[in-house]
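Chemist: Next comes the structure file entry.txt, holding compact mmCIF, C-alpha atoms.
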```txt
# COMPACT_ATOMS: atom_id res chain seq x y z
CA MET A 1 99.73 61.15 127.10
CA SER A 2 96.38 60.80 128.79
CA GLU A 3 95.39 64.26 127.56
CA GLN A 4 93.01 64.53 124.65
CA ALA A 5 94.60 65.86 121.46
CA THR A 6 93.71 69.45 120.58
CA PRO A 7 92.10 69.65 117.10
CA LEU A 8 94.05 70.92 114.10
CA TRP A 9 92.85 73.81 111.89
CA GLU A 10 94.13 75.07 108.56
CA VAL A 11 94.64 78.82 108.30
CA PHE A 12 93.95 80.90 105.18
CA ILE A 13 94.81 84.59 105.02
CA ARG A 14 93.81 87.38 102.64
CA ALA A 15 96.82 89.69 102.55
CA ARG A 16 94.87 92.62 101.16
CA ASN A 17 91.63 93.34 99.37
CA GLY A 18 91.69 92.21 95.78
CA MET A 19 93.59 89.03 96.60
CA SER A 20 92.25 85.60 97.43
CA HIS A 21 92.79 83.87 100.76
CA ARG A 22 95.95 81.78 100.72
CA HIS A 23 96.96 78.88 102.88
CA ALA A 24 99.32 80.18 105.58
CA GLY A 25 99.75 77.17 107.84
CA SER A 26 97.94 75.44 110.65
CA VAL A 27 97.18 75.84 114.36
CA HIS A 28 95.84 73.66 117.14
CA ALA A 29 92.82 74.97 119.05
CA ALA A 30 89.89 73.60 121.01
CA ASP A 31 87.27 75.56 119.05
CA ALA A 32 86.82 77.89 116.08
CA GLU A 33 87.05 81.09 118.11
CA MET A 34 90.33 80.08 119.72
CA ALA A 35 91.61 78.88 116.35
CA LEU A 36 90.97 82.36 114.91
CA GLN A 37 92.77 84.04 117.79
CA ALA A 38 95.71 81.65 117.56
CA ALA A 39 95.88 82.16 113.79
CA ARG A 40 95.99 85.91 114.31
CA ASP A 41 98.85 85.62 116.82
CA VAL A 42 100.84 83.05 114.83
CA TYR A 43 100.40 84.26 111.25
CA THR A 44 99.68 88.01 111.32
CA ARG A 45 102.19 89.62 113.68
CA ARG A 46 103.40 92.02 110.98
CA GLY A 47 100.30 93.12 109.14
CA GLU A 48 100.23 90.05 106.88
CA GLY A 49 96.46 89.96 106.64
CA LEU A 50 93.07 91.64 106.59
CA SER A 51 90.96 88.52 106.76
CA ILE A 52 91.47 85.04 108.22
CA TRP A 53 89.64 81.78 107.56
CA VAL A 54 90.15 78.75 109.77
CA VAL A 55 88.93 75.35 108.64
CA PRO A 56 89.06 72.08 110.60
CA SER A 57 91.84 70.10 108.92
CA ALA A 58 89.70 66.98 109.03
CA ALA A 59 87.07 68.74 106.86
CA ILE A 60 89.44 69.13 103.91
CA ILE A 61 88.99 66.54 101.18
CA ALA A 62 92.06 66.05 99.00
CA ASN A 63 92.85 63.94 95.97
CA ASP A 64 95.09 60.94 96.33
CA PRO A 65 98.59 61.87 95.11
CA ASP A 66 99.07 58.28 93.86
CA GLU A 67 96.24 58.90 91.39
CA LYS A 68 97.72 62.16 90.19
CA GLY A 69 97.96 60.71 86.68
CA GLU A 70 94.27 59.95 86.19
CA MET A 71 93.39 63.20 87.86
CA PHE A 72 95.51 65.70 85.95
CA GLU A 73 97.13 64.13 82.91
CA PRO A 74 94.12 64.37 80.56
CA THR A 75 94.63 68.12 80.33
CA ALA A 76 98.21 67.73 79.07
CA SER A 77 97.07 66.42 75.67
CA LYS A 78 94.56 69.20 75.09
CA ILE A 79 96.99 71.71 73.73
CA TYR A 80 94.25 73.38 71.66
CA ARG A 81 92.98 74.88 74.91
CA HIS A 82 95.91 77.30 74.86
CA PRO A 83 96.02 80.39 72.65
CA THR A 84 99.55 79.54 71.50
CA PHE A 85 98.10 76.51 69.63
CA TYR A 86 96.77 78.84 66.95
CA GLU A 87 98.98 80.49 64.38
CA LEU A 88 97.87 83.91 63.26
CA PRO A 89 98.39 85.29 59.76
CA ASP A 90 101.37 87.68 59.79
CA GLU A 91 99.08 90.58 58.88
CA VAL A 92 97.35 90.23 62.24
CA ALA A 93 99.85 91.59 64.70
CA ASN A 94 98.01 91.07 67.97
CA MET A 95 94.94 89.15 69.00
CA MET B 1 95.01 67.32 103.08
CA TYR B 2 97.87 69.69 103.64
CA THR B 3 98.41 68.79 107.26
CA GLN B 4 97.55 65.33 108.39
CA ALA B 5 95.41 65.34 111.50
CA LEU B 6 96.92 62.05 112.58
CA ASN B 7 97.94 61.24 116.07
CA ASN B 8 100.04 58.23 115.16
CA PRO B 9 103.23 58.19 113.14
CA ALA B 10 103.08 56.39 109.82
CA VAL B 11 104.99 53.16 110.20
CA GLU B 12 107.16 52.37 107.22
CA ALA B 13 109.55 49.56 107.83
CA GLY B 14 111.65 47.23 105.75
CA VAL B 15 113.55 47.68 102.53
CA GLU B 16 112.58 50.43 100.11
CA ASP B 17 111.40 49.71 96.58
CA GLU B 18 114.44 50.41 94.35
CA GLU B 19 112.34 51.89 91.57
CA LYS B 20 110.49 54.28 93.88
CA LEU B 21 113.77 55.23 95.51
CA ALA B 22 115.34 56.10 92.16
CA ALA B 23 112.29 58.12 91.08
CA PHE B 24 112.38 59.98 94.39
CA GLN B 25 116.06 60.83 94.06
CA ALA B 26 115.47 61.97 90.47
CA ARG B 27 112.78 64.39 91.70
CA ILE B 28 115.18 65.75 94.31
CA ASP B 29 117.93 66.12 91.70
CA ARG B 30 115.53 68.08 89.49
CA GLU B 31 114.99 70.43 92.47
CA GLU B 32 111.33 69.42 92.75
CA LYS B 33 109.80 69.98 96.17
CA ILE B 34 108.50 66.95 98.05
CA GLU B 35 105.06 67.48 99.57
CA PRO B 36 103.61 65.62 102.59
CA ASN B 37 101.47 63.09 100.73
CA ASP B 38 104.13 62.22 98.14
CA TRP B 39 105.98 58.95 98.45
CA MET B 40 109.24 59.31 100.36
CA PRO B 41 111.76 56.87 101.82
CA ALA B 42 111.20 56.11 105.50
CA ALA B 43 114.69 57.39 106.30
CA TYR B 44 113.95 60.75 104.64
CA ARG B 45 110.77 61.07 106.71
CA LYS B 46 112.60 60.08 109.88
CA THR B 47 115.45 62.52 109.26
CA LEU B 48 113.01 65.36 108.66
CA VAL B 49 110.87 64.61 111.70
CA ARG B 50 114.02 64.58 113.82
CA GLN B 51 115.47 67.74 112.33
CA ILE B 52 112.26 69.81 112.15
CA SER B 53 111.13 68.85 115.63
CA GLN B 54 114.55 69.58 117.13
CA HIS B 55 114.41 72.91 115.38
CA ALA B 56 110.92 73.57 116.82
CA HIS B 57 112.02 72.57 120.32
CA SER B 58 115.00 74.92 120.03
CA GLU B 59 112.74 77.86 119.20
CA VAL B 60 110.50 77.13 122.17
CA VAL B 61 113.30 76.49 124.69
CA GLY B 62 115.06 79.54 123.23
CA MET B 63 112.35 81.73 124.72
CA LEU B 64 113.62 80.93 128.22
CA PRO B 65 117.05 82.60 128.34
CA GLU B 66 115.58 85.79 126.91
CA GLY B 67 112.45 85.63 129.03
CA ASN B 68 114.85 85.89 131.96
CA TRP B 69 115.27 89.60 131.14
CA VAL B 70 111.73 90.77 130.32
CA THR B 71 111.00 92.17 133.76
CA ARG B 72 114.44 93.78 134.00
CA ALA B 73 114.72 95.40 130.57
CA PRO B 74 116.21 98.88 131.07
CA SER B 75 113.50 100.79 129.19
CA LEU B 76 109.96 100.38 127.90
CA LYS B 77 111.31 100.43 124.33
CA ARG B 78 113.73 97.56 124.98
CA LYS B 79 111.08 95.64 126.86
CA ALA B 80 108.59 95.94 123.97
CA ILE B 81 111.28 94.82 121.50
CA LEU B 82 112.28 91.88 123.67
CA LEU B 83 108.67 90.77 124.10
CA ALA B 84 108.09 90.95 120.35
CA LYS B 85 111.21 88.90 119.71
CA ILE B 86 110.26 86.24 122.24
CA GLN B 87 106.76 86.06 120.76
CA ASP B 88 108.36 85.51 117.34
CA GLU B 89 110.39 82.60 118.74
CA GLY B 90 107.19 81.00 119.99
CA GLY B 91 105.67 81.57 116.55
CA HIS B 92 108.69 79.99 114.86
CA GLY B 93 108.28 76.94 117.07
CA LEU B 94 104.65 76.69 115.97
CA TYR B 95 105.42 77.00 112.22
CA LEU B 96 107.97 74.23 112.62
CA TYR B 97 105.79 71.91 114.69
CA SER B 98 103.14 72.28 111.97
CA ALA B 99 105.69 71.36 109.30
CA ALA B 100 106.77 68.29 111.29
CA GLU B 101 103.14 67.25 111.79
CA THR B 102 102.63 67.00 108.02
CA LEU B 103 104.95 63.99 108.20
CA GLY B 104 102.45 62.11 110.34
CA VAL B 105 103.62 62.80 113.87
CA SER B 106 101.27 64.53 116.31
CA ARG B 107 101.92 67.73 118.24
CA GLU B 108 101.31 65.88 121.49
CA GLU B 109 103.95 63.28 120.64
CA LEU B 110 106.47 65.97 119.72
CA VAL B 111 105.93 67.89 122.94
CA ASP B 112 106.15 64.65 124.87
CA GLN B 113 109.49 63.84 123.22
CA LEU B 114 110.88 67.19 124.35
CA LEU B 115 109.58 66.98 127.90
CA SER B 116 110.68 63.37 128.39
CA GLY B 117 114.19 64.28 127.25
CA LYS B 118 113.97 61.95 124.24
CA ALA B 119 114.33 64.82 121.76
CA LYS B 120 117.22 67.25 121.66
CA TYR B 121 117.28 71.00 121.18
CA SER B 122 120.10 73.37 120.30
CA SER B 123 122.98 73.33 122.78
CA ILE B 124 123.10 77.13 122.82
CA PHE B 125 120.02 77.50 125.00
CA ASN B 126 121.69 75.69 127.86
CA TYR B 127 123.89 78.70 128.55
CA PRO B 128 122.73 81.36 131.01
CA THR B 129 122.04 85.01 130.16
CA LEU B 130 123.92 86.67 132.99
CA ASN B 131 123.83 90.36 132.15
CA TRP B 132 121.65 92.63 130.03
CA ALA B 133 124.25 92.67 127.23
CA ASP B 134 123.61 88.92 126.85
CA VAL B 135 120.23 89.81 125.36
CA GLY B 136 122.04 91.81 122.69
CA ALA B 137 124.73 89.17 122.18
CA VAL B 138 122.06 86.48 121.80
CA GLY B 139 120.38 88.50 119.06
CA TRP B 140 123.62 89.34 117.29
CA LEU B 141 125.50 86.03 117.60
CA VAL B 142 122.89 83.35 118.27
CA ASP B 143 120.27 84.65 115.86
CA GLY B 144 123.08 85.55 113.45
CA ALA B 145 124.32 81.94 113.51
CA ALA B 146 120.73 80.72 113.18
CA ILE B 147 120.24 82.87 110.06
CA MET B 148 123.36 81.37 108.43
CA ASN B 149 121.94 77.93 109.11
CA GLN B 150 118.41 78.77 108.09
CA ILE B 151 118.84 80.65 104.81
CA PRO B 152 119.92 77.52 102.91
CA LEU B 153 117.04 75.64 104.58
CA CYS B 154 114.60 77.90 102.69
CA ARG B 155 115.59 75.80 99.65
CA CYS B 156 115.18 72.48 101.47
CA SER B 157 113.58 69.74 99.37
CA PHE B 158 110.64 69.25 101.74
CA GLY B 159 107.96 71.85 100.91
CA PRO B 160 106.45 72.53 104.36
CA TYR B 161 109.89 72.89 105.98
CA SER B 162 111.06 75.19 103.22
CA ARG B 163 107.94 77.39 103.53
CA ALA B 164 108.29 77.59 107.31
CA MET B 165 111.93 78.63 106.91
CA ILE B 166 111.06 81.41 104.47
CA ARG B 167 108.69 82.96 107.03
CA ILE B 168 111.21 82.48 109.81
CA CYS B 169 114.14 84.04 107.94
CA LYS B 170 112.10 87.17 107.21
CA GLU B 171 111.57 87.61 110.94
CA GLU B 172 115.07 86.62 112.10
CA SER B 173 116.57 89.65 110.48
CA PHE B 174 114.80 91.85 113.04
CA HIS B 175 116.14 89.61 115.81
CA GLN B 176 119.74 90.02 114.81
CA ARG B 177 119.50 93.75 114.22
CA GLN B 178 117.79 94.52 117.51
CA GLY B 179 120.58 92.61 119.28
CA TYR B 180 123.34 94.47 117.50
CA ASP B 181 121.52 97.77 118.08
CA LEU B 182 121.35 97.00 121.79
CA LEU B 183 125.11 96.32 121.90
CA VAL B 184 125.92 99.47 119.92
CA ALA B 185 123.90 101.49 122.46
CA MET B 186 125.80 99.92 125.35
CA MET B 187 129.16 100.52 123.68
CA LYS B 188 128.28 104.23 123.63
CA GLY B 189 127.70 104.06 127.38
CA THR B 190 129.96 103.87 130.41
CA ALA B 191 133.15 101.80 130.69
CA GLU B 192 131.20 99.38 132.85
CA GLN B 193 128.56 98.92 130.15
CA GLN B 194 131.26 98.33 127.56
CA GLU B 195 132.76 95.68 129.81
CA MET B 196 129.35 94.00 130.05
CA VAL B 197 129.25 93.74 126.26
CA GLN B 198 132.74 92.24 126.12
CA ASP B 199 131.86 89.81 128.90
CA ALA B 200 128.69 88.65 127.11
CA VAL B 201 130.54 88.15 123.82
CA ASN B 202 133.38 86.30 125.56
CA ARG B 203 130.91 83.81 127.00
CA LEU B 204 128.66 83.40 123.93
CA TRP B 205 131.16 83.37 121.05
CA TRP B 206 132.21 79.72 121.31
CA PRO B 207 128.73 78.39 122.08
CA ALA B 208 127.51 80.30 118.99
CA LEU B 209 130.14 78.58 116.82
CA MET B 210 129.01 75.22 118.23
CA MET B 211 125.49 75.89 116.94
CA PHE B 212 126.60 74.71 113.49
CA GLY B 213 127.14 71.25 114.93
CA PRO B 214 130.20 69.01 115.04
CA SER B 215 133.06 69.39 112.62
CA ASP B 216 132.44 67.78 109.20
CA LYS B 217 134.79 64.93 109.99
CA ASP B 218 132.58 63.93 112.96
CA SER B 219 129.13 64.71 111.59
CA LYS B 220 126.92 61.63 111.39
CA HIS B 221 123.94 62.93 109.47
CA SER B 222 125.50 65.03 106.72
CA ALA B 223 125.85 62.67 103.74
CA ASP B 224 122.20 61.62 103.43
CA SER B 225 120.95 65.11 104.21
CA MET B 226 123.12 66.56 101.45
CA LYS B 227 121.98 63.90 98.97
CA TRP B 228 118.34 64.64 99.80
CA LYS B 229 118.94 68.39 99.64
CA ILE B 230 117.71 68.91 103.15
CA LYS B 231 121.12 70.38 103.82
CA ARG B 232 122.98 72.44 101.22
CA PHE B 233 126.20 73.28 103.04
CA THR B 234 128.27 71.36 105.55
CA ASN B 235 128.56 72.39 109.20
CA ASP B 236 132.09 73.72 108.70
CA GLU B 237 131.15 75.69 105.59
CA LEU B 238 128.32 77.44 107.44
CA ARG B 239 130.52 78.07 110.47
CA GLN B 240 133.10 79.71 108.20
CA LYS B 241 130.47 81.93 106.58
CA PHE B 242 129.34 83.03 110.03
CA VAL B 243 132.86 83.83 111.22
CA ASP B 244 133.59 85.77 108.01
CA ALA B 245 130.41 87.83 108.40
CA THR B 246 130.81 88.44 112.13
CA VAL B 247 134.46 89.45 112.53
CA PRO B 248 134.02 92.82 110.75
CA GLN B 249 130.85 93.50 112.77
CA ALA B 250 132.80 92.93 116.00
CA LYS B 251 135.35 95.46 114.80
CA VAL B 252 132.65 98.07 114.18
CA LEU B 253 131.25 97.35 117.61
CA GLY B 254 134.70 97.87 119.12
CA ILE B 255 135.04 94.57 120.96
CA SER B 256 137.43 91.64 120.62
CA LEU B 257 136.46 88.03 119.93
CA PRO B 258 137.87 85.49 122.42
CA ASP B 259 139.88 83.45 119.91
CA PRO B 260 143.67 83.95 119.83
CA ASP B 261 143.88 81.93 116.58
CA LEU B 262 141.56 84.23 114.66
CA LYS B 263 143.41 85.63 111.65
CA LEU B 264 142.62 86.66 108.10
CA ASN B 265 144.00 84.38 105.41
CA GLU B 266 144.91 86.90 102.72
CA GLU B 267 144.86 84.26 100.00
CA THR B 268 141.44 82.75 100.65
CA GLY B 269 139.88 85.88 102.12
CA HIS B 270 138.52 83.79 104.99
CA TRP B 271 139.02 84.29 108.70
CA GLU B 272 140.77 81.26 110.15
CA HIS B 273 139.55 80.37 113.62
CA GLY B 274 140.34 78.01 116.46
CA GLU B 275 138.45 74.81 117.32
CA PRO B 276 135.50 75.03 119.68
CA ASP B 277 135.73 72.87 122.78
CA TRP B 278 133.93 69.80 121.45
CA ASP B 279 133.96 68.08 124.84
CA GLU B 280 131.91 70.95 126.18
CA PHE B 281 129.57 70.64 123.17
CA TYR B 282 128.93 66.90 123.61
CA ASN B 283 128.60 67.31 127.34
CA THR B 284 125.91 69.96 126.83
CA ILE B 285 124.07 67.84 124.25
CA LYS B 286 124.10 64.95 126.72
CA GLY B 287 122.27 67.07 129.25
CA ASN B 288 125.12 68.26 131.44
CA GLY B 289 125.37 71.87 130.28
CA ILE B 290 125.05 74.78 132.69
CA CYS B 291 121.28 75.21 132.34
CA ASN B 292 119.93 71.92 130.88
CA LYS B 293 118.15 70.91 134.07
CA GLN B 294 116.69 74.37 134.65
CA ARG B 295 115.41 74.62 131.05
CA MET B 296 113.68 71.26 131.18
CA LYS B 297 112.24 72.01 134.61
CA ASP B 298 110.80 75.28 133.30
CA ARG B 299 109.33 73.70 130.15
CA ILE B 300 107.75 70.85 132.12
CA LYS B 301 106.31 73.29 134.65
CA ALA B 302 104.85 75.49 131.90
CA HIS B 303 103.29 72.45 130.24
CA GLU B 304 101.85 71.05 133.46
CA ASP B 305 100.60 74.41 134.68
CA GLY B 306 98.79 74.82 131.36
CA ALA B 307 97.05 71.44 131.53
CA TRP B 308 93.91 72.81 133.18
CA VAL B 309 93.63 75.52 130.52
CA ARG B 310 93.76 72.97 127.69
CA GLU B 311 91.26 70.80 129.54
CA ALA B 312 88.88 73.70 130.20
CA ALA B 313 89.07 74.88 126.58
CA GLN B 314 88.18 71.42 125.33
CA ALA B 315 85.37 71.01 127.86
CA TYR B 316 83.94 74.38 126.79
CA ALA B 317 84.23 73.45 123.10
CA ALA B 318 82.46 70.15 123.73
CA LYS B 319 79.68 71.92 125.66
CA GLN B 320 79.20 74.51 122.89
CA ALA B 321 79.13 71.79 120.24
CA ALA B 322 76.52 69.82 122.23
CA LYS B 323 74.39 72.97 122.66
CA LYS B 324 74.57 73.66 118.94
CA SER B 325 73.57 70.17 117.92
CA ALA B 326 70.67 70.19 120.44
CA ALA B 327 69.31 73.51 119.09
```
What is this file in structure tokens?
Modeler:
Amino acid sequence: MSEQATPLWEVFIRARNGMSHRHAGSVHAADAEMALQAARDVYTRRGEGLSIWVVPSAAIIANDPDEKGEMFEPTASKIYRHPTFYELPDEVANM
Amino acid sequence: MYTQALNNPAVEAGVEDEEKLAAFQARIDREEKIEPNDWMPAAYRKTLVRQISQHAHSEVVGMLPEGNWVTRAPSLKRKAILLAKIQDEGGHGLYLYSAAETLGVSREELVDQLLSGKAKYSSIFNYPTLNWADVGAVGWLVDGAAIMNQIPLCRCSFGPYSRAMIRICKEESFHQRQGYDLLVAMMKGTAEQQEMVQDAVNRLWWPALMMFGPSDKDSKHSADSMKWKIKRFTNDELRQKFVDATVPQAKVLGISLPDPDLKLNEETGHWEHGEPDWDEFYNTIKGNGICNKQRMKDRIKAHEDGAWVREAAQAYAAKQAAKKSAA
């Protein structure tokens, strides 16, 4: 394999207006323009999208899954952040 | 990072940590999905890389037998359908390569494994497509068998593989229907056209049954794959489901299936069938099938002929990037 590896891009697609872009998959392409075209051909052959973002995979910063505990557990103990923590008087039907 | 932009496989050797192994199996048993950066046993990673990449290679090589008929499709409608189907197969290959790459193996390595003959692909694509009805029979039987295999894979324990399979299954349904539709049209035609359908089915029936892999008693990889919930049904179970679904469709089509042992077991409700020729299966897997050499020759040629395009695209990208940073 003397050939240079073709960069990897992550593809995000907005299915329709009113929705956010969602991760659809990835493509390899030499540059952003080709990545967009490849993303269109690979991920929107049946009207799956109205808008595409491509992002160089190497530009994505992610948390370390081994430190998932420190990262996310603190929220588990804060049950008062949820409306169900509070009991309403019976006279109040909905709030 | 969802997909790892690595060009080297992660090396995990030696004995696994018992505690980690137990926690991993417990996650699988709870039907939790495993994502690329989660801890996993080296054997689980290896099994998935092998299976997903073989699956990807099969999609890509699978474009060849159908591509054989693009320029000779009998109408513009059939040609457009065939082109769309072949494009889907290429797309399926790409979804699957992406899923395999999340396990730390690069696209270049995967392609290299196919072209060097190190990696396998489905035996079915080493059979020729001799008449136009083969295009229909491939859609009906080959894609039909693939769907049976792939639907349980949508629930596979590895997240990226499962997500790729969900997309693929949605699209496969079109593949099978267009094939059946093509055969129905030919069965309404002349006696000669009807004979072409029967001929295609006679040749492709057994190879389609072989797509489910060796009989359970000879299958090497099943036990671990079942434990890890990569696989949900055994080869023989899936083969039976396929036969049960396909026999009534053959009847509607008005053709016979080339198996003298095929008979309905009234008690179980299943269609009993004969054994595929396993010598033929292993011979094809080993590289001695009818079209193995042609398929590899075509793939290698396509890859080599495309080298200058990949090179030019990268040179252009580098030039644009240099221009941008200079400005």
Chemist: If the cut-off is 6 Å, can you tell me the residues of chain B near chain A, counting all atoms listed in the file? I'd like them as a PyMOL selection string.
Modeler: chain B and resi 1+91+313-314+317
Chemist: Excluding same-chain residues fewer than 4 positions from region 130-136 of chain B, what lies within 6 Å of it counting only C-alpha atoms, as a PyMOL selection string?
Modeler: chain B and resi 179-180+182-183+196-197+200
Chemist: For region 279-296 of chain B, list every protein, DNA or RNA residue within 8 Å, evaluated using all atoms listed in the file, and leave out those in the same chain fewer than 5 positions away; present the list as a CSV table (one decimal) with C-alpha atoms, in the coordinates of the input.
Modeler:
```
chain,number,residue,atom,x,y,z
B,61,VAL,CA,113.3,76.5,124.7
B,64,LEU,CA,113.6,80.9,128.2
B,115,LEU,CA,109.6,67.0,127.9
B,120,LYS,CA,117.2,67.2,121.7
B,122,SER,CA,120.1,73.4,120.3
B,123,SER,CA,123.0,73.3,122.8
B,125,PHE,CA,120.0,77.5,125.0
B,126,ASN,CA,121.7,75.7,127.9
B,127,TYR,CA,123.9,78.7,128.6
B,128,PRO,CA,122.7,81.4,131.0
B,207,PRO,CA,128.7,78.4,122.1
B,210,MET,CA,129.0,75.2,118.2
```
Chemist: Quick check, in Å to one decimal: how far apart do CA of Glu48 (chain A) and CA of Ala80 (chain B) lie?
Modeler: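 About the pair CA of Glu48 (chain A) and CA of Ala80 (chain B): they are 19.9 Å apart.
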Chemist: Between A:Glu87, A:Leu50, A:His82, A:Val11, which is the closest to Ser98 (chain B) once you count all atoms listed in the file?
Modeler: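 The closest residue to Ser98 (chain B) is A:Val11.
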Chemist: Could you work out how far CA of Trp228 (chain B) lies from CA of Ala43 (chain B), giving the answer in Å with one decimal?
Modeler: 10.4 Å
Chemist: So that I can check the surroundings of Gly254 (chain B), please list as an MDAnalysis selection string every protein, DNA and RNA residue that reaches within 9 Å of it, counting only C-alpha atoms and ignoring chain neighbours fewer than 4 positions away.
Modeler: chainID B and resid 184 187 249:250
Chemist: Distance CA of Lys85 (chain B)-CA of Glu171 (chain B), one decimal place?
Modeler: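 Atom-to-atom, CA of Lys85 (chain B) to CA of Glu171 (chain B), that is 8.9 Å.
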